Amino acid sequence: MGRRRLWPVRIDADNWGVTVDTAIHVAARSRAHGPTAALWHVVEMRRPAAEVDGACELTACGALARVSTEQTWPMTGTDVCPSCRTLG
Ligand SMILES: [Zn+2]
């Protein structure tokens with residue numbers, strides 16, 4: 001007796017609904033920086049893609065890139081960020 005055991009408290013919204021926790025991956029195009037060409041990155045998105053089309057978002061590798069819903073992830077080609085290719 002004595003100590004009351006605390007229930008584990010969930011602060012994530014992972015139980016609010018069936019679709020809340022589904023992240024989708026969308027492609028985002030970074031700008032060219034000097035000698036570095038513009039690359040495609042991946043953004044983990046928890047909002048409808050239509051809401052973020054054209055917006056700058058933080059990519060999986062930590063860069064800022066502009067979301068394009070015209071592209072689908074995973075992408076193929078040589079202008080894909082190597083970090084995002086493995087992360088996404
Ligand atoms: Zn990247």
# chains A, B, ... in the order shown; residues from 1 in each chain; ligands from 1
$ closest_atom_pairs --of "chain A" --to "ligand 1" --cutoff "10 Å" --atoms "only C-alpha atoms and all ligand atoms" --output "CSV"
residue,atom,partner,partner_atom_place_in_ligand_line,distance
A:Ala27,CA,ligand 1,1 (Zn),9.7
A:Ala28,CA,ligand 1,1 (Zn),8.7
A:Arg29,CA,ligand 1,1 (Zn),9.1
A:Ser30,CA,ligand 1,1 (Zn),8.4
A:Leu39,CA,ligand 1,1 (Zn),7.5
A:Trp40,CA,ligand 1,1 (Zn),6.9
A:His41,CA,ligand 1,1 (Zn),4.1
A:Val42,CA,ligand 1,1 (Zn),6.2
A:Val43,CA,ligand 1,1 (Zn),8.5
A:Leu58,CA,ligand 1,1 (Zn),9.2
A:Thr59,CA,ligand 1,1 (Zn),5.9
A:Ala60,CA,ligand 1,1 (Zn),6.0
A:Cys61,CA,ligand 1,1 (Zn),4.4
A:Gly62,CA,ligand 1,1 (Zn),6.8
A:Ala63,CA,ligand 1,1 (Zn),6.2
A:Leu64,CA,ligand 1,1 (Zn),8.7
A:Ala65,CA,ligand 1,1 (Zn),8.6
A:Val80,CA,ligand 1,1 (Zn),7.6
A:Cys81,CA,ligand 1,1 (Zn),4.5
A:Pro82,CA,ligand 1,1 (Zn),6.7
A:Ser83,CA,ligand 1,1 (Zn),5.3
A:Cys84,CA,ligand 1,1 (Zn),4.2
A:Arg85,CA,ligand 1,1 (Zn),7.4
A:Thr86,CA,ligand 1,1 (Zn),9.3
A:Leu87,CA,ligand 1,1 (Zn),8.4
A:Gly88,CA,ligand 1,1 (Zn),9.0
$ select_by_dssp --residues "stretch 10-88 of chain A" --states "helix (DSSP H, G or I)" --output "list in words"
Ala49, Ala50, Glu51, Val52, Pro82, Ser83, Cys84, Arg85, Thr86 and Leu87 of chain A
$ write_last_selection --atoms "N, CA, C and O atoms" --output "short mmCIF file (atom, residue, chain, number, x, y, z; two decimals), in the first residue's frame"
data_model
loop_
_atom_site.label_atom_id
_atom_site.label_comp_id
_atom_site.auth_asym_id
_atom_site.auth_seq_id
_atom_site.Cartn_x
_atom_site.Cartn_y
_atom_site.Cartn_z
N ALA A 49 -1.61 16.32 -48.38
CA ALA A 49 -0.61 16.87 -49.29
C ALA A 49 -1.13 18.11 -50.02
O ALA A 49 -0.36 19.01 -50.32
N ALA A 50 -2.41 18.15 -50.26
CA ALA A 50 -2.96 19.30 -50.98
C ALA A 50 -2.77 20.59 -50.21
O ALA A 50 -2.68 21.66 -50.79
N GLU A 51 -2.69 20.49 -48.88
CA GLU A 51 -2.53 21.68 -48.04
C GLU A 51 -1.14 22.27 -48.12
O GLU A 51 -0.93 23.41 -47.79
N VAL A 52 -0.17 21.46 -48.48
CA VAL A 52 1.21 21.91 -48.39
C VAL A 52 1.87 22.02 -49.75
O VAL A 52 3.06 22.27 -49.83
N PRO A 82 20.98 11.87 -51.10
CA PRO A 82 21.38 10.54 -50.63
C PRO A 82 20.88 10.24 -49.21
O PRO A 82 20.54 9.09 -48.91
N SER A 83 20.83 11.24 -48.35
CA SER A 83 20.32 11.01 -46.99
C SER A 83 18.85 10.67 -47.03
O SER A 83 18.39 9.75 -46.39
N CYS A 84 18.10 11.44 -47.77
CA CYS A 84 16.65 11.22 -47.83
C CYS A 84 16.34 9.89 -48.50
O CYS A 84 15.35 9.24 -48.18
N ARG A 85 17.18 9.51 -49.41
CA ARG A 85 16.93 8.24 -50.11
C ARG A 85 16.94 7.08 -49.11
O ARG A 85 16.14 6.16 -49.20
N THR A 86 17.83 7.15 -48.12
CA THR A 86 17.88 6.08 -47.13
C THR A 86 16.86 6.30 -46.01
O THR A 86 16.31 5.36 -45.48
N LEU A 87 16.60 7.58 -45.68
CA LEU A 87 15.66 7.86 -44.59
C LEU A 87 14.22 7.61 -45.02
O LEU A 87 13.42 7.11 -44.24
#
$ residues_around --residues "A:Asp53" --least-positions-apart "6" --cutoff "10 Å" --atoms "only C-alpha atoms" --output "MDAnalysis selection string"
chainID A and resid 26 28 66:70
$ write_last_selection --atoms "N, CA, C and O atoms" --output "PDB file, in the first residue's frame"
ATOM      1  N   VAL A  26       6.206  12.739 -48.997  1.00  0.00           N
ATOM      2  CA  VAL A  26       6.073  13.489 -50.235  1.00  0.00           C
ATOM      3  C   VAL A  26       7.442  14.010 -50.657  1.00  0.00           C
ATOM      4  O   VAL A  26       8.339  14.174 -49.833  1.00  0.00           O
ATOM      5  N   ALA A  28      10.086  16.789 -52.116  1.00  0.00           N
ATOM      6  CA  ALA A  28      10.262  18.230 -52.033  1.00  0.00           C
ATOM      7  C   ALA A  28      11.577  18.602 -52.695  1.00  0.00           C
ATOM      8  O   ALA A  28      12.580  17.906 -52.540  1.00  0.00           O
ATOM      9  N   ARG A  66      10.871  22.751 -51.056  1.00  0.00           N
ATOM     10  CA  ARG A  66       9.512  23.093 -51.456  1.00  0.00           C
ATOM     11  C   ARG A  66       8.764  21.828 -51.888  1.00  0.00           C
ATOM     12  O   ARG A  66       9.210  21.118 -52.781  1.00  0.00           O
ATOM     13  N   VAL A  67       7.657  21.600 -51.244  1.00  0.00           N
ATOM     14  CA  VAL A  67       6.894  20.379 -51.495  1.00  0.00           C
ATOM     15  C   VAL A  67       6.251  20.426 -52.874  1.00  0.00           C
ATOM     16  O   VAL A  67       5.707  21.445 -53.288  1.00  0.00           O
ATOM     17  N   SER A  68       6.369  19.333 -53.570  1.00  0.00           N
ATOM     18  CA  SER A  68       5.706  19.205 -54.858  1.00  0.00           C
ATOM     19  C   SER A  68       4.839  17.959 -54.859  1.00  0.00           C
ATOM     20  O   SER A  68       5.330  16.851 -54.691  1.00  0.00           O
ATOM     21  N   THR A  69       3.571  18.150 -55.021  1.00  0.00           N
ATOM     22  CA  THR A  69       2.688  16.989 -55.039  1.00  0.00           C
ATOM     23  C   THR A  69       2.609  16.368 -56.431  1.00  0.00           C
ATOM     24  O   THR A  69       1.923  15.388 -56.633  1.00  0.00           O
ATOM     25  N   GLU A  70       3.330  16.987 -57.366  1.00  0.00           N
ATOM     26  CA  GLU A  70       3.364  16.376 -58.700  1.00  0.00           C
ATOM     27  C   GLU A  70       4.320  15.196 -58.745  1.00  0.00           C
ATOM     28  O   GLU A  70       4.295  14.397 -59.660  1.00  0.00           O
TER      29      GLU A  70
END
$ atom_distance --atom1 "atom CA of A:Ile24" --atom2 "atom CA of A:Thr36"
27.1 Å
$ atom_distance --atom1 "atom CA of A:Ala32" --atom2 "atom CA of A:Arg47"
26.4 Å
$ closest_residue --among "A:Gln71, A:Gly54, A:His25, A:Thr78" --to "A:Ala38" --atoms "only C-alpha atoms"
A:Thr78
$ atom_distance --atom1 "atom CA of A:Pro48" --atom2 "atom CA of A:Thr22"
10.6 Å
